[in-house]
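Novice: Enclosed is the structure file target.txt (compact mmCIF, C-alpha atoms).
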```txt
# COMPACT_ATOMS: atom_id res chain seq x y z
CA MET S 1 22.85 -26.05 4.91
CA SER S 2 20.64 -24.97 7.77
CA SER S 3 17.08 -23.83 7.83
CA ILE S 4 15.65 -21.38 10.30
CA THR S 5 12.02 -21.70 11.27
CA VAL S 6 10.37 -18.50 12.31
CA THR S 7 7.08 -18.75 14.14
CA THR S 8 4.87 -15.81 14.76
CA SER S 9 1.95 -15.82 17.11
CA LYS S 10 -0.88 -13.38 17.06
CA GLN S 11 -1.90 -12.65 20.59
CA SER S 12 -5.55 -11.74 20.82
CA PRO S 13 -6.50 -9.00 23.29
CA GLY S 14 -7.83 -10.14 26.66
CA ARG S 15 -11.38 -9.73 27.91
CA TRP S 16 -10.56 -6.73 30.08
CA SER S 17 -8.70 -5.05 27.22
CA LEU S 18 -11.73 -5.45 24.97
CA LEU S 19 -13.99 -4.12 27.73
CA GLY S 20 -11.74 -1.08 28.18
CA LEU S 21 -11.72 -0.52 24.42
CA GLY S 22 -15.51 -0.57 24.33
CA LEU S 23 -15.75 1.96 27.18
CA ILE S 24 -13.57 4.60 25.53
CA ILE S 25 -16.35 6.23 23.48
CA PRO S 26 -19.11 6.15 26.17
CA VAL S 27 -16.82 7.51 28.90
CA SER S 28 -15.50 10.23 26.59
CA VAL S 29 -19.04 11.28 25.63
CA LEU S 30 -20.10 11.42 29.30
CA LEU S 31 -17.08 13.53 30.27
CA VAL S 32 -17.63 16.02 27.43
CA TRP S 33 -21.37 16.09 28.20
CA GLN S 34 -20.73 16.83 31.89
CA LEU S 35 -18.25 19.59 31.10
CA LEU S 36 -20.55 21.25 28.56
CA GLY S 37 -23.43 21.21 31.06
CA PHE S 38 -21.26 22.41 33.94
CA TYR S 39 -20.03 25.45 31.99
CA GLY S 40 -23.51 26.24 30.63
CA VAL S 41 -22.70 25.54 26.98
CA ILE S 42 -25.82 23.33 26.71
CA SER S 43 -29.16 23.79 28.45
CA GLU S 44 -29.56 21.59 31.53
CA LEU S 45 -33.33 21.62 30.98
CA LEU S 46 -32.95 19.90 27.62
CA PHE S 47 -29.71 18.01 28.32
CA PRO S 48 -29.28 17.40 32.07
CA THR S 49 -25.77 16.44 33.06
CA PRO S 50 -24.85 12.79 33.69
CA ILE S 51 -24.56 13.59 37.42
CA ALA S 52 -28.15 14.95 37.47
CA ILE S 53 -29.36 11.84 35.64
CA GLY S 54 -27.47 9.65 38.11
CA LYS S 55 -29.14 11.41 41.05
CA ALA S 56 -32.57 10.88 39.46
CA LEU S 57 -31.73 7.19 38.96
CA ILE S 58 -30.73 6.78 42.60
CA GLN S 59 -33.84 8.60 43.80
CA LEU S 60 -36.16 6.43 41.67
CA THR S 61 -34.38 3.28 42.81
CA LEU S 62 -34.58 4.13 46.50
CA SER S 63 -38.27 5.06 46.25
CA GLY S 64 -39.08 1.75 44.57
CA ASP S 65 -40.81 3.44 41.61
CA LEU S 66 -38.18 2.33 39.11
CA TRP S 67 -38.45 -1.35 39.99
CA GLY S 68 -42.26 -1.22 39.95
CA HIS S 69 -42.38 0.29 36.47
CA PHE S 70 -39.56 -1.91 35.15
CA LYS S 71 -41.25 -5.10 36.39
CA VAL S 72 -44.42 -4.23 34.47
CA SER S 73 -42.43 -3.38 31.32
CA ILE S 74 -40.34 -6.53 31.30
CA ILE S 75 -43.43 -8.74 31.71
CA ARG S 76 -45.08 -7.00 28.76
CA ALA S 77 -41.95 -7.27 26.60
CA PHE S 78 -41.47 -10.96 27.43
CA ALA S 79 -45.14 -11.82 26.83
CA GLY S 80 -45.17 -9.96 23.50
CA PHE S 81 -41.91 -11.54 22.37
CA LEU S 82 -43.08 -15.01 23.39
CA LEU S 83 -46.33 -14.65 21.44
CA GLY S 84 -44.96 -12.92 18.35
CA GLY S 85 -41.69 -14.85 18.22
CA SER S 86 -43.40 -18.23 18.58
CA LEU S 87 -45.86 -17.44 15.81
CA GLY S 88 -43.06 -16.06 13.63
CA PHE S 89 -41.04 -19.26 14.09
CA ILE S 90 -44.02 -21.52 13.33
CA PHE S 91 -45.08 -19.57 10.23
CA GLY S 92 -41.43 -19.37 9.09
CA LEU S 93 -41.17 -23.15 9.30
CA LEU S 94 -44.47 -23.61 7.49
CA VAL S 95 -43.64 -21.23 4.65
CA GLY S 96 -40.03 -22.43 4.41
CA LEU S 97 -40.91 -26.11 4.19
CA PHE S 98 -43.87 -25.97 1.83
CA LYS S 99 -43.99 -24.06 -1.45
CA THR S 100 -47.78 -24.01 -1.36
CA SER S 101 -47.74 -22.31 2.04
CA GLU S 102 -45.31 -19.70 0.73
CA LYS S 103 -47.60 -18.83 -2.18
CA PHE S 104 -50.66 -18.77 0.07
CA LEU S 105 -49.35 -16.97 3.19
CA ASP S 106 -46.24 -14.96 2.37
CA PRO S 107 -47.84 -12.17 0.25
CA SER S 108 -50.34 -11.37 3.02
CA ILE S 109 -47.67 -11.51 5.74
CA GLN S 110 -45.37 -9.22 3.77
CA MET S 111 -48.21 -6.76 3.25
CA ILE S 112 -48.89 -6.66 7.01
CA ARG S 113 -45.16 -6.24 7.66
CA MET S 114 -45.17 -2.99 5.71
CA ILE S 115 -47.80 -1.43 8.00
CA PRO S 116 -46.05 0.76 10.63
CA SER S 117 -46.78 -0.12 14.24
CA LEU S 118 -47.95 3.44 14.96
CA ALA S 119 -50.60 3.07 12.23
CA VAL S 120 -52.28 0.12 13.97
CA VAL S 121 -52.20 1.58 17.49
CA PRO S 122 -55.62 3.31 17.14
CA LEU S 123 -57.17 0.07 15.86
CA PHE S 124 -55.64 -2.01 18.66
CA ILE S 125 -57.00 0.44 21.24
CA LEU S 126 -60.46 0.32 19.64
CA TRP S 127 -60.47 -3.46 19.45
CA PHE S 128 -58.77 -4.39 22.71
CA GLY S 129 -58.99 -1.22 24.83
CA ILE S 130 -56.05 0.31 26.71
CA GLY S 131 -55.45 -2.79 28.83
CA GLU S 132 -52.61 -5.28 28.59
CA GLU S 133 -54.01 -7.06 25.51
CA SER S 134 -53.40 -4.16 23.11
CA LYS S 135 -49.88 -3.58 24.44
CA VAL S 136 -48.85 -7.25 24.27
CA LEU S 137 -50.27 -7.63 20.76
CA LEU S 138 -48.48 -4.50 19.58
CA ILE S 139 -45.18 -5.90 20.90
CA ALA S 140 -46.00 -9.29 19.35
CA LYS S 141 -46.47 -7.64 15.94
CA SER S 142 -42.98 -6.17 16.21
CA ALA S 143 -41.44 -9.47 17.31
CA PHE S 144 -43.15 -11.63 14.68
CA PHE S 145 -41.47 -10.57 11.44
CA PRO S 146 -37.71 -10.89 12.20
CA LEU S 147 -38.13 -14.50 13.35
CA TYR S 148 -40.48 -15.28 10.49
CA ILE S 149 -38.13 -13.95 7.81
CA ASN S 150 -34.94 -15.40 9.30
CA THR S 151 -36.48 -18.83 9.88
CA PHE S 152 -37.72 -18.85 6.29
CA MET S 153 -34.34 -17.75 4.93
CA GLY S 154 -32.49 -20.26 7.10
CA ILE S 155 -34.58 -23.14 5.78
CA ARG S 156 -34.40 -22.07 2.15
CA GLY S 157 -30.66 -21.45 2.47
CA GLY S 158 -30.01 -25.07 3.49
CA ASP S 159 -28.03 -27.44 1.27
CA ASN S 160 -30.43 -29.50 -0.85
CA LYS S 161 -27.96 -32.42 -0.86
CA LEU S 162 -28.56 -32.90 2.86
CA PHE S 163 -32.25 -33.46 2.18
CA GLU S 164 -31.38 -36.04 -0.46
CA VAL S 165 -29.18 -37.85 2.09
CA ALA S 166 -32.02 -37.71 4.62
CA LYS S 167 -34.36 -39.37 2.12
CA VAL S 168 -31.80 -42.10 1.48
CA LEU S 169 -31.54 -42.69 5.24
CA GLY S 170 -35.32 -43.02 5.40
CA PHE S 171 -36.00 -39.95 7.53
CA ASN S 172 -39.67 -39.04 7.73
CA LYS S 173 -40.80 -35.42 7.58
CA TRP S 174 -40.64 -34.98 11.38
CA LYS S 175 -37.08 -36.33 11.59
CA GLN S 176 -36.03 -34.08 8.73
CA ILE S 177 -37.37 -31.04 10.57
CA VAL S 178 -35.85 -31.92 13.97
CA ARG S 179 -32.49 -33.33 12.84
CA LEU S 180 -31.85 -31.44 9.66
CA VAL S 181 -33.97 -28.36 9.02
CA ILE S 182 -33.85 -26.65 12.43
CA PRO S 183 -30.13 -27.35 13.13
CA GLY S 184 -29.22 -26.12 9.64
CA ALA S 185 -31.30 -22.95 10.02
CA LEU S 186 -30.16 -22.33 13.61
CA PRO S 187 -27.76 -19.43 12.83
CA ASN S 188 -30.57 -17.56 11.07
CA ILE S 189 -33.10 -18.45 13.77
CA LEU S 190 -30.85 -17.11 16.53
CA LEU S 191 -30.27 -13.94 14.52
CA GLY S 192 -34.04 -13.63 14.20
CA ILE S 193 -34.42 -14.02 17.97
CA ARG S 194 -31.91 -11.20 18.58
CA LEU S 195 -33.71 -8.91 16.17
CA SER S 196 -37.13 -9.86 17.58
CA ILE S 197 -36.05 -9.08 21.14
CA GLY S 198 -34.73 -5.69 20.04
CA LEU S 199 -37.95 -4.85 18.22
CA SER S 200 -39.97 -6.08 21.22
CA TRP S 201 -38.37 -3.34 23.33
CA LEU S 202 -39.13 -0.80 20.59
CA GLY S 203 -42.74 -1.98 20.43
CA LEU S 204 -42.94 -1.70 24.21
CA VAL S 205 -41.85 1.95 24.06
CA VAL S 206 -44.55 2.71 21.49
CA ALA S 207 -47.23 0.90 23.52
CA GLU S 208 -46.36 2.51 26.85
CA LEU S 209 -45.88 6.04 25.55
CA ILE S 210 -49.29 6.11 23.86
CA ALA S 211 -51.72 4.46 26.25
CA SER S 212 -50.49 3.24 29.62
CA THR S 213 -50.71 3.91 33.35
CA SER S 214 -47.58 1.98 34.32
CA GLY S 215 -44.23 0.91 32.92
CA ILE S 216 -41.00 2.68 32.02
CA GLY S 217 -42.61 4.32 28.98
CA TYR S 218 -45.39 5.73 31.15
CA MET S 219 -42.80 6.97 33.64
CA MET S 220 -41.03 8.83 30.82
CA SER S 221 -44.28 10.28 29.47
CA ASP S 222 -45.33 11.45 32.94
CA ALA S 223 -41.91 13.05 33.53
CA ARG S 224 -42.11 14.83 30.18
CA GLN S 225 -45.35 16.54 31.20
CA PHE S 226 -43.60 18.00 34.25
CA ALA S 227 -40.40 18.83 32.33
CA ASP S 228 -38.48 16.34 34.51
CA THR S 229 -35.88 15.65 31.82
CA PRO S 230 -33.49 13.60 34.01
CA VAL S 231 -36.21 10.98 34.56
CA VAL S 232 -36.79 10.83 30.79
CA PHE S 233 -33.09 10.11 30.32
CA VAL S 234 -33.25 7.47 33.08
CA GLY S 235 -36.00 5.72 31.10
CA ILE S 236 -33.90 5.84 27.93
CA ILE S 237 -30.92 4.36 29.78
CA ILE S 238 -33.09 1.59 31.29
CA PHE S 239 -34.40 0.63 27.85
CA ALA S 240 -30.89 0.67 26.40
CA CYS S 241 -29.44 -1.44 29.23
CA ALA S 242 -32.33 -3.93 29.16
CA GLY S 243 -32.01 -4.32 25.39
CA LEU S 244 -28.24 -4.75 25.63
CA ALA S 245 -28.57 -7.32 28.45
CA THR S 246 -31.13 -9.46 26.60
CA ASP S 247 -29.10 -9.27 23.39
CA GLY S 248 -25.98 -10.33 25.30
CA LEU S 249 -27.88 -13.27 26.79
CA VAL S 250 -28.93 -14.47 23.34
CA ARG S 251 -25.36 -14.05 22.11
CA LEU S 252 -24.13 -16.31 24.92
CA VAL S 253 -26.69 -18.94 23.93
CA GLU S 254 -25.67 -18.46 20.30
CA ALA S 255 -21.98 -18.98 21.14
CA ARG S 256 -22.77 -22.23 22.96
CA MET S 257 -25.15 -23.64 20.36
CA LEU S 258 -22.97 -22.69 17.37
CA ARG S 259 -19.62 -23.88 18.70
CA TRP S 260 -19.41 -26.24 15.73
CA LYS S 261 -19.43 -23.30 13.30
CA ASP S 262 -16.01 -22.00 12.27
CA THR S 263 -16.31 -18.22 12.01
CA TYR S 264 -13.89 -15.37 11.58
CA GLY S 265 -13.15 -13.74 14.95
CA GLY S 266 -11.47 -10.55 13.71
```
In structure tokens, what does this structure look like?
Specialist:
Amino acid sequence: MSSITVTTSKQSPGRWSLLGLGLIIPVSVLLVWQLLGFYGVISELLFPTPIAIGKALIQLTLSGDLWGHFKVSIIRAFAGFLLGGSLGFIFGLLVGLFKTSEKFLDPSIQMIRMIPSLAVVPLFILWFGIGEESKVLLIAKSAFFPLYINTFMGIRGGDNKLFEVAKVLGFNKWKQIVRLVIPGALPNILLGIRLSIGLSWLGLVVAELIASTSGIGYMMSDARQFADTPVVFVGIIIFACAGLATDGLVRLVEARMLRWKDTYGG
């Protein structure tokens, strides 16, 4: 009596295959867009062709204007994220660890969260002027809440048995936070960072489109006044690429820091 062992192996697609798969939709959209513009099906004033947008991008790059505006924007976005994200993390820890803090702080924070960023722009301009302070604070408001909520949820979602073990081992409150609370909540915290960075770029767009004399948002607003639609599209592409790059960077950090976590890869 003989037995036959059959082994099957599932070969996952390579990196270049996945990259090619991800480019199918964007490349197809660009080709259709170019053809529709070339044959006059869509208005080039409202929807300039990808080639026209590419020419505008090259012209702005060679003149140095693009880098000058982008440098200002990225400093604002980073400063706003650093301020809002740090405060969101600290308040998330505070509210997550202490029930009294949750009862005292969370209702007010949730009420502020429901206020749209556009609604507070006039107040920020009145209080802080049209300088950098109002822009950074507007971005910080956007970045605060995702980290706050995800840090809070990560702490409250932790296994209570681990805290009981920590008490048995004689961990003080500081050791519990450093060795137990933050590592356990790390997946949620990193998710909060990704969301905060994305909303920081959105807050930056709002800040620069309304009251600014520099930055990518200002460049887009100035181009809109002169009906220079390709430059507006260049600004949109820059924001999209910058957001995608920062999100990818956080995902790399996430992959390294969460190597211990067994997740489904698809």
Novice: Using all atoms listed in the file, which residue out of S:Val165, S:Ile109, S:Ile125, S:Leu258 lies closest to Pro187 in chain S?
Specialist: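 The answer is S:Leu258, which sits nearest to Pro187 in chain S.
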Novice: Write out as a ChimeraX atom specification each polymer residue whose atoms come within 10 Å of Met153 in chain S, counting all atoms listed in the file; drop sequence neighbours fewer than 5 positions from it.
Specialist: /S:92-93,95-96,147-148,158,185,188-189
Novice: May I have the residues from that selection written out with C-alpha atoms, as a JSON list (two decimals), in the frame of the given file?
Specialist:
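The resulting file, result03.json, is reproduced below:
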```
[["chain", "number", "residue", "atom", "x", "y", "z"],
["S", 92, "GLY", "CA", -41.43, -19.37, 9.09],
["S", 93, "LEU", "CA", -41.17, -23.15, 9.30],
["S", 95, "VAL", "CA", -43.64, -21.23, 4.65],
["S", 96, "GLY", "CA", -40.03, -22.43, 4.41],
["S", 147, "LEU", "CA", -38.13, -14.50, 13.35],
["S", 148, "TYR", "CA", -40.48, -15.28, 10.49],
["S", 158, "GLY", "CA", -30.01, -25.07, 3.49],
["S", 185, "ALA", "CA", -31.30, -22.95, 10.02],
["S", 188, "ASN", "CA", -30.57, -17.56, 11.07],
["S", 189, "ILE", "CA", -33.10, -18.45, 13.77]]
```
Novice: Kindly assemble as a Markdown table a list of the range 155-204 of chain S residues that lie within 12 Å of range 114-122 of chain S, each paired with its nearest atom pair and their distance in Å to one decimal, using only C-alpha atoms, sorted first by chain and then by ascending residue number.
Specialist:
```
| residue | atom | partner | partner_atom | distance |
| --- | --- | --- | --- | --- |
| S:Leu199 | CA | S:Ser117 | CA | 10.8 |
| S:Ser200 | CA | S:Ser117 | CA | 11.4 |
| S:Leu202 | CA | S:Ser117 | CA | 10.0 |
| S:Gly203 | CA | S:Ser117 | CA | 7.6 |
| S:Leu204 | CA | S:Ser117 | CA | 10.8 |
```
Novice: Box for range 218-235 of chain S - axis-aligned, 6 Å on each of the six sides, all listed atoms - centre and size in Å to one decimal, as JSON.
Specialist:
```
{"center_x": -39.2, "center_y": 12.3, "center_z": 32.0, "size_x": 24.3, "size_y": 25.1, "size_z": 17.1}
```
Novice: Would you mind telling me which residue in S:Thr229, S:Ser43, S:Ser142, S:Thr151 lies nearest to Ile112 in chain S when using only C-alpha atoms?
Specialist: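 The answer is S:Ser142, which sits nearest to Ile112 in chain S.
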Novice: Would you mind listing what lies within 9 Å of Phe163 in chain S as a VMD selection string, with all atoms listed in the file counted and same-chain residues fewer than 5 positions away left out?
Specialist: chain S and resid 158 168 176 180 to 181
Novice: Here is a test: counting all atoms listed in the file, which residue of S:Leu94, S:Val253, S:Val32, S:Leu21 is nearest to Leu191 in chain S?
Specialist: S:Val253
Novice: Could you tell me which of S:Lys175, S:Arg251, S:Arg194, S:Arg259 comes closest to Pro146 in chain S if we count only C-alpha atoms?
Specialist: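 Answer, going by the shortest atom-to-atom distance: S:Arg194.
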Novice: Which of these, S:Leu190, S:Pro183, S:Ile210, S:Ala166, has the shortest distance to Leu252 in chain S once you count only C-alpha atoms?
Specialist: S:Leu190
Novice: Grab the CA of Arg179 in chain S to CA of Phe98 in chain S distance for me, in Å with one decimal place.
Specialist: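 According to the coordinates, CA of Arg179 in chain S and CA of Phe98 in chain S are separated by 17.5 Å.
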Novice: Record the distance separating CA of Glu208 in chain S and CA of Ile42 in chain S, expressed in Å with one decimal.
Specialist: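 Between these atoms lies a distance of 29.2 Å.
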Novice: Give me, as an MDAnalysis selection string, all polymer residues having an atom no more than 10 Å from range 246-250 of chain S, counting only C-alpha atoms and skipping those fewer than 5 positions away in the same chain.
Specialist: chainID S and resid 190:191 193:198 241 255:256
Novice: Identify the residues within 12 Å of coordinate (-24.7, 14.5, 37.5) (same frame as the file), considering only C-alpha atoms, and give the answer as a list in words.
Specialist: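 Residues satisfying the cut-off, written out: Leu30, Leu31, Trp33, Gln34, Leu35, Leu36, Gly37, Phe38, Glu44, Phe47, Pro48, Thr49, Pro50, Ile51, Ala52, Ile53, Gly54, Lys55, Ala56, Leu57, Ile58, Pro230, Phe233 and Val234 of chain S.
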Novice: One decimal, in Å: what's the spacing between CA of Phe89 in chain S and CA of Leu169 in chain S?
Specialist: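 Taking CA of Phe89 in chain S as the start and CA of Leu169 in chain S as the end point, the length is 26.8 Å.
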Novice: List every protein, DNA or RNA residue with an atom no more than 12 Å from (-49.7, -4.9, 24.2) in the file's coordinates, counting only C-alpha atoms, and format the result as an MDAnalysis selection string.
Specialist: chainID S and resid 72:81 83:84 117 120:121 124:125 127:143 200:212 215
Novice: For Lys99 in chain S, which residue among S:Phe226, S:Gly235, S:Ile155, S:Ser221 is the nearest when counting all atoms listed in the file?
Specialist: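 Closest residue, counting all atoms listed in the file: S:Ile155.
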Novice: Using the block above, I'd like range 192-264 of chain S written out, keeping C-alpha atoms and formatting it as a short mmCIF file (atom, residue, chain, number, x, y, z; two decimals), in the first residue's frame.
Specialist:
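The resulting file, decode.cif, is reproduced below:
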```cif
data_model
loop_
_atom_site.label_atom_id
_atom_site.label_comp_id
_atom_site.auth_asym_id
_atom_site.auth_seq_id
_atom_site.Cartn_x
_atom_site.Cartn_y
_atom_site.Cartn_z
CA GLY S 192 -3.37 57.25 13.71
CA ILE S 193 -0.06 58.65 12.43
CA ARG S 194 -0.95 57.68 8.85
CA LEU S 195 -4.35 59.31 9.12
CA SER S 196 -2.90 62.40 10.81
CA ILE S 197 -0.32 62.89 8.06
CA GLY S 198 -3.03 62.61 5.41
CA LEU S 199 -5.23 65.15 7.17
CA SER S 200 -2.21 67.43 7.67
CA TRP S 201 -1.88 67.71 3.88
CA LEU S 202 -5.62 68.41 3.62
CA GLY S 203 -5.35 71.08 6.30
CA LEU S 204 -2.40 72.58 4.45
CA VAL S 205 -4.48 72.90 1.27
CA VAL S 206 -7.23 74.71 3.19
CA ALA S 207 -4.73 77.05 4.88
CA GLU S 208 -2.82 77.95 1.72
CA LEU S 209 -5.83 78.39 -0.54
CA ILE S 210 -7.51 80.85 1.82
CA ALA S 211 -4.79 83.15 3.11
CA SER S 212 -1.24 82.71 1.88
CA THR S 213 1.45 84.34 -0.24
CA SER S 214 3.56 81.22 -0.76
CA GLY S 215 3.24 77.46 -0.92
CA ILE S 216 1.74 74.98 -3.37
CA GLY S 217 -1.81 76.00 -2.41
CA TYR S 218 -1.00 79.65 -3.13
CA MET S 219 0.55 78.63 -6.45
CA MET S 220 -2.69 76.85 -7.38
CA SER S 221 -4.85 79.79 -6.28
CA ASP S 222 -2.71 82.25 -8.25
CA ALA S 223 -2.88 80.02 -11.36
CA ARG S 224 -6.65 79.76 -11.04
CA GLN S 225 -7.00 83.55 -11.24
CA PHE S 226 -5.17 83.53 -14.58
CA ALA S 227 -6.99 80.41 -15.84
CA ASP S 228 -3.66 78.53 -15.91
CA THR S 229 -5.30 75.15 -15.40
CA PRO S 230 -2.18 73.01 -16.04
CA VAL S 231 -0.46 74.62 -13.03
CA VAL S 232 -3.53 73.86 -10.89
CA PHE S 233 -3.24 70.21 -11.91
CA VAL S 234 0.49 70.28 -11.14
CA GLY S 235 -0.36 71.41 -7.60
CA ILE S 236 -2.89 68.60 -7.23
CA ILE S 237 -0.33 66.06 -8.42
CA ILE S 238 2.31 67.43 -6.01
CA PHE S 239 -0.08 67.13 -3.07
CA ALA S 240 -1.05 63.60 -4.11
CA CYS S 241 2.57 62.47 -4.54
CA ALA S 242 3.69 64.08 -1.27
CA GLY S 243 0.82 62.44 0.62
CA LEU S 244 1.53 59.07 -0.99
CA ALA S 245 5.27 59.34 -0.21
CA THR S 246 4.76 60.21 3.47
CA ASP S 247 2.14 57.47 3.83
CA GLY S 248 4.55 54.96 2.25
CA LEU S 249 7.28 56.04 4.66
CA VAL S 250 5.02 55.41 7.65
CA ARG S 251 4.03 52.04 6.20
CA LEU S 252 7.70 51.05 5.99
CA VAL S 253 8.17 52.02 9.64
CA GLU S 254 4.98 50.13 10.47
CA ALA S 255 6.22 46.99 8.70
CA ARG S 256 9.49 47.09 10.67
CA MET S 257 7.96 47.82 14.05
CA LEU S 258 5.12 45.30 13.69
CA ARG S 259 7.12 42.37 12.36
CA TRP S 260 6.00 40.37 15.39
CA LYS S 261 2.35 40.68 14.34
CA ASP S 262 1.02 37.82 12.20
CA THR S 263 -1.33 39.37 9.65
CA TYR S 264 -3.11 38.15 6.55
#
```
